[in-house]
>>> print(open('protein08.cif').read())   # mmCIF, C-alpha atoms
data_start
loop_
_atom_site.label_atom_id
_atom_site.label_comp_id
_atom_site.auth_asym_id
_atom_site.auth_seq_id
_atom_site.Cartn_x
_atom_site.Cartn_y
_atom_site.Cartn_z
CA MET A 1 81.61 143.01 30.79
CA GLU A 2 79.26 143.52 33.70
CA ILE A 3 75.72 142.13 33.43
CA LYS A 4 73.15 144.64 34.67
CA LYS A 5 69.41 145.16 34.70
CA SER A 6 68.20 147.37 31.87
CA VAL A 7 64.88 149.11 31.27
CA ILE A 8 63.92 149.76 27.65
CA SER A 9 60.96 151.89 26.52
CA ILE A 10 59.56 151.27 23.05
CA LEU A 11 56.97 153.26 21.13
CA ALA A 12 55.47 151.08 18.41
CA SER A 13 52.45 150.87 16.15
CA ASN A 14 49.36 149.47 17.85
CA LYS A 15 48.89 146.62 15.38
CA PRO A 16 48.59 142.85 15.55
CA ASP A 17 51.89 140.95 15.77
CA VAL A 18 54.06 143.99 16.64
CA LEU A 19 54.53 142.93 20.26
CA ALA A 20 55.30 139.37 19.15
CA ARG A 21 57.99 140.62 16.76
CA ILE A 22 59.51 142.77 19.52
CA ALA A 23 59.57 139.80 21.92
CA GLY A 24 60.98 137.66 19.11
CA THR A 25 63.90 140.06 18.78
CA PHE A 26 64.91 139.12 22.32
CA SER A 27 64.30 135.37 22.04
CA GLY A 28 65.94 135.19 18.63
CA ARG A 29 69.17 136.40 20.19
CA GLY A 30 68.80 134.21 23.27
CA PHE A 31 67.97 137.07 25.67
CA ASN A 32 65.35 136.81 28.37
CA ILE A 33 62.67 139.38 29.10
CA ASP A 34 62.36 139.76 32.88
CA SER A 35 59.15 141.81 32.65
CA ILE A 36 57.08 143.39 29.92
CA THR A 37 54.15 145.79 30.04
CA ALA A 38 52.32 147.30 27.11
CA ASN A 39 49.40 149.65 26.66
CA VAL A 40 48.06 152.20 24.21
CA THR A 41 49.32 155.76 24.65
CA GLY A 42 47.25 158.94 24.31
CA ASN A 43 47.45 158.25 20.59
CA PRO A 44 45.40 155.06 19.97
CA ARG A 45 47.68 154.11 17.07
CA ILE A 46 50.78 153.96 19.32
CA THR A 47 51.61 151.47 22.09
CA ARG A 48 54.23 152.07 24.78
CA ILE A 49 56.09 148.91 25.80
CA ILE A 50 58.36 148.78 28.85
CA ILE A 51 60.76 145.83 28.96
CA THR A 52 63.18 144.93 31.72
CA THR A 53 66.01 142.61 30.80
CA GLN A 54 69.58 141.83 31.80
CA GLY A 55 72.74 142.04 29.79
CA ASN A 56 76.04 143.79 29.35
CA GLN A 57 76.30 147.16 27.62
CA ASP A 58 77.13 145.63 24.22
CA THR A 59 74.15 143.28 24.42
CA ILE A 60 71.73 146.09 25.24
CA ILE A 61 73.07 148.21 22.36
CA LYS A 62 72.60 145.25 19.96
CA ILE A 63 69.02 144.75 21.17
CA GLU A 64 68.26 148.45 20.69
CA LYS A 65 69.65 148.38 17.14
CA GLU A 66 67.62 145.27 16.28
CA LEU A 67 64.46 146.85 17.70
CA ASN A 68 65.02 150.06 15.73
CA ARG A 69 65.15 148.00 12.51
CA LEU A 70 61.59 146.74 13.01
CA VAL A 71 59.21 148.60 10.68
CA ASP A 72 56.52 149.34 13.27
CA VAL A 73 58.92 150.49 16.01
CA HIS A 74 59.03 154.29 16.17
CA GLN A 75 61.34 154.92 19.13
CA VAL A 76 63.57 152.87 21.43
CA THR A 77 64.95 154.45 24.60
CA ASP A 78 67.21 152.88 27.22
CA LEU A 79 65.86 154.32 30.48
CA THR A 80 68.35 152.53 32.73
CA SER A 81 70.67 155.46 33.43
CA LEU A 82 67.87 158.01 33.87
CA ASP A 83 67.12 156.93 37.47
CA LEU A 84 63.36 156.99 36.86
CA PRO A 85 60.90 155.50 39.36
CA LEU A 86 59.96 151.93 38.40
CA ARG A 87 56.70 150.60 39.84
CA GLU A 88 54.85 147.29 39.82
CA MET A 89 51.32 146.41 40.88
CA ILE A 90 50.10 143.22 42.54
CA LEU A 91 46.54 142.00 43.05
CA ILE A 92 46.34 139.35 45.77
CA ARG A 93 43.40 137.14 46.75
CA MET A 94 43.67 135.68 50.22
CA PRO A 95 41.56 134.55 53.16
CA MET A 96 40.78 137.39 55.57
CA THR A 97 39.47 135.91 58.77
CA GLY A 98 39.33 137.40 62.23
CA GLU A 99 42.67 135.91 63.23
CA ASN A 100 44.72 137.12 60.25
CA HIS A 101 42.74 140.23 59.25
CA GLU A 102 44.70 142.58 61.52
CA LYS A 103 48.09 141.21 60.38
CA ILE A 104 47.08 141.53 56.73
CA MET A 105 45.95 145.12 57.24
CA GLU A 106 49.28 145.99 58.93
CA ILE A 107 51.14 144.71 55.87
CA VAL A 108 48.75 146.45 53.46
CA ASP A 109 49.20 149.74 55.35
CA ARG A 110 53.00 149.33 55.50
CA TYR A 111 53.12 149.11 51.70
CA HIS A 112 50.45 151.80 51.11
CA GLY A 113 48.05 149.30 49.57
CA GLU A 114 44.33 148.84 49.90
CA VAL A 115 41.68 146.15 50.09
CA ILE A 116 39.70 146.60 46.88
CA GLU A 117 37.15 143.84 47.40
CA THR A 118 35.94 141.61 50.20
CA GLY A 119 33.72 138.59 50.19
CA SER A 120 32.79 135.80 52.51
CA GLY A 121 36.09 135.22 54.30
CA TYR A 122 38.41 136.56 51.60
CA GLY A 123 39.82 139.83 50.35
CA ILE A 124 41.50 141.14 47.23
CA LEU A 125 44.43 143.43 47.95
CA GLU A 126 46.06 145.95 45.63
CA LEU A 127 49.68 146.96 46.23
CA THR A 128 51.81 149.24 44.07
CA GLY A 129 55.46 150.09 44.59
CA LYS A 130 59.09 149.31 43.90
CA LYS A 131 59.91 145.74 42.89
CA GLU A 132 61.85 145.12 46.09
CA ASP A 133 58.95 146.37 48.23
CA MET A 134 56.50 144.19 46.32
CA ASP A 135 58.79 141.17 46.81
CA ASN A 136 58.86 141.88 50.55
CA ALA A 137 55.09 142.39 50.76
CA LEU A 138 54.47 139.08 48.99
CA SER A 139 56.89 137.29 51.31
CA SER A 140 55.09 138.70 54.35
CA LEU A 141 51.62 137.89 53.02
CA GLU A 142 52.59 134.36 51.91
CA LEU A 143 53.04 133.51 55.59
CA LEU A 144 49.33 134.31 56.05
CA GLY A 145 48.12 132.17 53.14
CA ILE A 146 47.82 133.73 49.67
CA ASP A 147 45.25 131.94 47.46
CA ASP A 148 46.40 133.57 44.23
CA PHE A 149 48.07 136.70 42.89
CA VAL A 150 48.85 138.46 39.64
CA ARG A 151 51.70 140.91 39.15
CA THR A 152 52.40 143.46 36.44
CA GLY A 153 55.76 144.10 34.92
CA SER A 154 57.63 147.29 35.71
CA VAL A 155 56.24 150.60 34.48
CA THR A 156 57.82 154.04 34.33
CA LEU A 157 57.62 157.30 32.39
#
>>> encode(input="protein08.cif", output="C-alpha cells")
Amino acid sequence: MEIKKSVISILASNKPDVLARIAGTFSGRGFNIDSITANVTGNPRITRIIITTQGNQDTIIKIEKELNRLVDVHQVTDLTSLDLPLREMILIRMPMTGENHEKIMEIVDRYHGEVIETGSGYGILELTGKKEDMDNALSSLELLGIDDFVRTGSVTL
C-alpha cells in the first residue's frame, strides 16, 4: 500500500494528559507525528488538535479507530482528502544590517511576511504560508544568517 501524508483533526476535552494520551496512541503503534498543533476552541472545554503523519490507508484507519476509543476524544476527522488549505507559521530572529537588510526584505515580501520587531542590528520576522513555501523561505534566509527560529505545525479548518 502507498504511504501518504495524512492530516487528522481531533476534538478532545481540554484536560491534563489528554494530549499525551493522543500522542501515545501514535507512539504505541510505532507511528511518527510529523507535526502537531493544539489550542482551545470557542468552547474552553474543547481543544482542537491537528496532526500530520504518514502512513498507508489501513494504518490511518487504525489510528482513527484507536483515537476514537479514547474517553476524552469527541471527534476524529481525516482531512486529507478534503483539499483544505494547510498553513504553518515561522518566527525568525536574524541579524539585519545594512548589507543584508534589503535582501531579507525581498524574501519577506516574496512570502508575504513582516518584520514584527527590530532591535540593535537584528529583526524578528513572521512568515505564514504553505509548508513548501516556508521551507523555501527558510532556505533563502539561512544564506543570510538565521540566529534562531521556531515553527508551528500545520493548521487548517
>>> resolve_selection(input="protein08.cif", expression="the PyMOL selection byres ((chain A and resi 41-54) around 6)", output="PyMOL selection string")
chain A and resi 4-14+33-40+55
>>> residues_around(input="protein08.cif", residues="segment 66-70 of chain A", least_positions_apart="3", cutoff="10 Å", atoms="all atoms listed in the file", output="number ranges by chain")
A: 10, 12, 18, 21-26, 29, 60-63, 73-77
>>> resolve_selection(input="protein08.cif", expression="the PyMOL selection byres ((chain A and resi 144) around 10)", output="ChimeraX atom specification")
/A:94-96,99-101,103-104,138-143,145-147
>>> atom_distance(input="protein08.cif", atom1="atom CA of Glu117 of chain A", atom2="atom CA of Arg151 of chain A")
17.0 Å
>>> closest_residue(input="protein08.cif", among="A:Asp58, A:Thr156, A:Gly30, A:Gly119", to="Arg93 of chain A", atoms="all atoms listed in the file")
A:Gly119
>>> atom_distance(input="protein08.cif", atom1="atom CA of Asp148 of chain A", atom2="atom CA of Met105 of chain A")
17.4 Å
>>> atom_distance(input="protein08.cif", atom1="atom CA of Gly123 of chain A", atom2="atom CA of Leu86 of chain A")
26.4 Å
>>> axis_aligned_box(input="protein08.cif", around="segment 105-111 of chain A", padding_each_side="8 Å", output="JSON")
{"center_x": 49.5, "center_y": 147.2, "center_z": 55.3, "size_x": 23.2, "size_y": 21.0, "size_z": 23.2}
>>> residues_around(input="protein08.cif", residues="Leu91 of chain A", least_positions_apart="4", cutoff="6 Å", atoms="all atoms listed in the file", output="VMD selection string")
chain A and resid 125 to 126 149 to 150
>>> write_last_selection(input="protein08.cif", atoms="C-alpha atoms", output="PDB file, in the coordinates of the input")
ATOM      1  CA  LEU A 125      44.430 143.430  47.950  1.00  0.00           C
ATOM      2  CA  GLU A 126      46.060 145.950  45.630  1.00  0.00           C
ATOM      3  CA  PHE A 149      48.070 136.700  42.890  1.00  0.00           C
ATOM      4  CA  VAL A 150      48.850 138.460  39.640  1.00  0.00           C
TER       5      VAL A 150
END
>>> closest_residue(input="protein08.cif", among="A:Glu88, A:Asp135, A:Asp17, A:Glu64", to="Gly153 of chain A", atoms="all atoms listed in the file")
A:Glu88
>>> resolve_selection(input="protein08.cif", expression="the PyMOL selection byres ((chain A and resi 84) around 10)", output="ChimeraX atom specification")
/A:7,79-83,85-87,155-157
>>> closest_residue(input="protein08.cif", among="A:Glu106, A:His112, A:Ile92, A:Gly98", to="Ile124 of chain A", atoms="only C-alpha atoms")
A:Ile92
>>> closest_residue(input="protein08.cif", among="A:Ile3, A:Met134, A:Leu19, A:Ile90", to="Gln57 of chain A", atoms="all atoms listed in the file")
A:Ile3
>>> closest_residue(input="protein08.cif", among="A:Lys15, A:Asn56, A:Thr97, A:Thr128", to="Phe31 of chain A", atoms="all atoms listed in the file")
A:Asn56
>>> residues_around(input="protein08.cif", residues="Tyr111 of chain A", least_positions_apart="3", cutoff="9 Å", atoms="all atoms listed in the file", output="NGL selection string")
:A and (106-108 or 114 or 127-129 or 133-134 or 137)
>>> build_atoms(input="protein08.cif", residues="segment 29-44 of chain A", atoms="N, CA and C atoms", output="mmCIF file, in the frame of the given file")
data_model
loop_
_atom_site.group_PDB
_atom_site.id
_atom_site.type_symbol
_atom_site.label_atom_id
_atom_site.label_comp_id
_atom_site.auth_asym_id
_atom_site.auth_seq_id
_atom_site.Cartn_x
_atom_site.Cartn_y
_atom_site.Cartn_z
ATOM 1 N N ARG A 29 67.772 136.205 19.817
ATOM 2 C CA ARG A 29 69.170 136.400 20.190
ATOM 3 C C ARG A 29 69.518 135.700 21.500
ATOM 4 N N GLY A 30 68.545 134.961 22.038
ATOM 5 C CA GLY A 30 68.800 134.210 23.270
ATOM 6 C C GLY A 30 68.749 135.053 24.533
ATOM 7 N N PHE A 31 68.071 136.196 24.495
ATOM 8 C CA PHE A 31 67.970 137.070 25.670
ATOM 9 C C PHE A 31 66.608 136.892 26.319
ATOM 10 N N ASN A 32 66.594 136.958 27.622
ATOM 11 C CA ASN A 32 65.350 136.810 28.370
ATOM 12 C C ASN A 32 64.728 138.165 28.658
ATOM 13 N N ILE A 33 63.412 138.206 28.653
ATOM 14 C CA ILE A 33 62.670 139.380 29.100
ATOM 15 C C ILE A 33 62.259 139.109 30.535
ATOM 16 N N ASP A 34 62.725 139.939 31.475
ATOM 17 C CA ASP A 34 62.360 139.760 32.880
ATOM 18 C C ASP A 34 60.929 140.218 33.132
ATOM 19 N N SER A 35 60.542 141.351 32.562
ATOM 20 C CA SER A 35 59.150 141.810 32.650
ATOM 21 C C SER A 35 58.829 142.630 31.417
ATOM 22 N N ILE A 36 57.541 142.632 31.078
ATOM 23 C CA ILE A 36 57.080 143.390 29.920
ATOM 24 C C ILE A 36 55.681 143.927 30.219
ATOM 25 N N THR A 37 55.479 145.187 29.938
ATOM 26 C CA THR A 37 54.150 145.790 30.040
ATOM 27 C C THR A 37 53.906 146.565 28.751
ATOM 28 N N ALA A 38 52.662 146.591 28.340
ATOM 29 C CA ALA A 38 52.320 147.300 27.110
ATOM 30 C C ALA A 38 50.912 147.858 27.226
ATOM 31 N N ASN A 39 50.730 149.062 26.718
ATOM 32 C CA ASN A 39 49.400 149.650 26.660
ATOM 33 C C ASN A 39 49.405 150.792 25.653
ATOM 34 N N VAL A 40 48.234 151.111 25.177
ATOM 35 C CA VAL A 40 48.060 152.200 24.210
ATOM 36 C C VAL A 40 48.405 153.522 24.891
ATOM 37 N N THR A 41 49.004 154.426 24.153
ATOM 38 C CA THR A 41 49.320 155.760 24.650
ATOM 39 C C THR A 41 48.114 156.675 24.444
ATOM 40 N N GLY A 42 48.309 157.974 24.608
ATOM 41 C CA GLY A 42 47.250 158.940 24.310
ATOM 42 C C GLY A 42 46.841 158.906 22.853
ATOM 43 N N ASN A 43 47.736 158.446 22.006
ATOM 44 C CA ASN A 43 47.450 158.250 20.590
ATOM 45 C C ASN A 43 47.064 156.774 20.404
ATOM 46 N N PRO A 44 45.834 156.462 20.050
ATOM 47 C CA PRO A 44 45.400 155.060 19.970
ATOM 48 C C PRO A 44 46.136 154.223 18.923
#
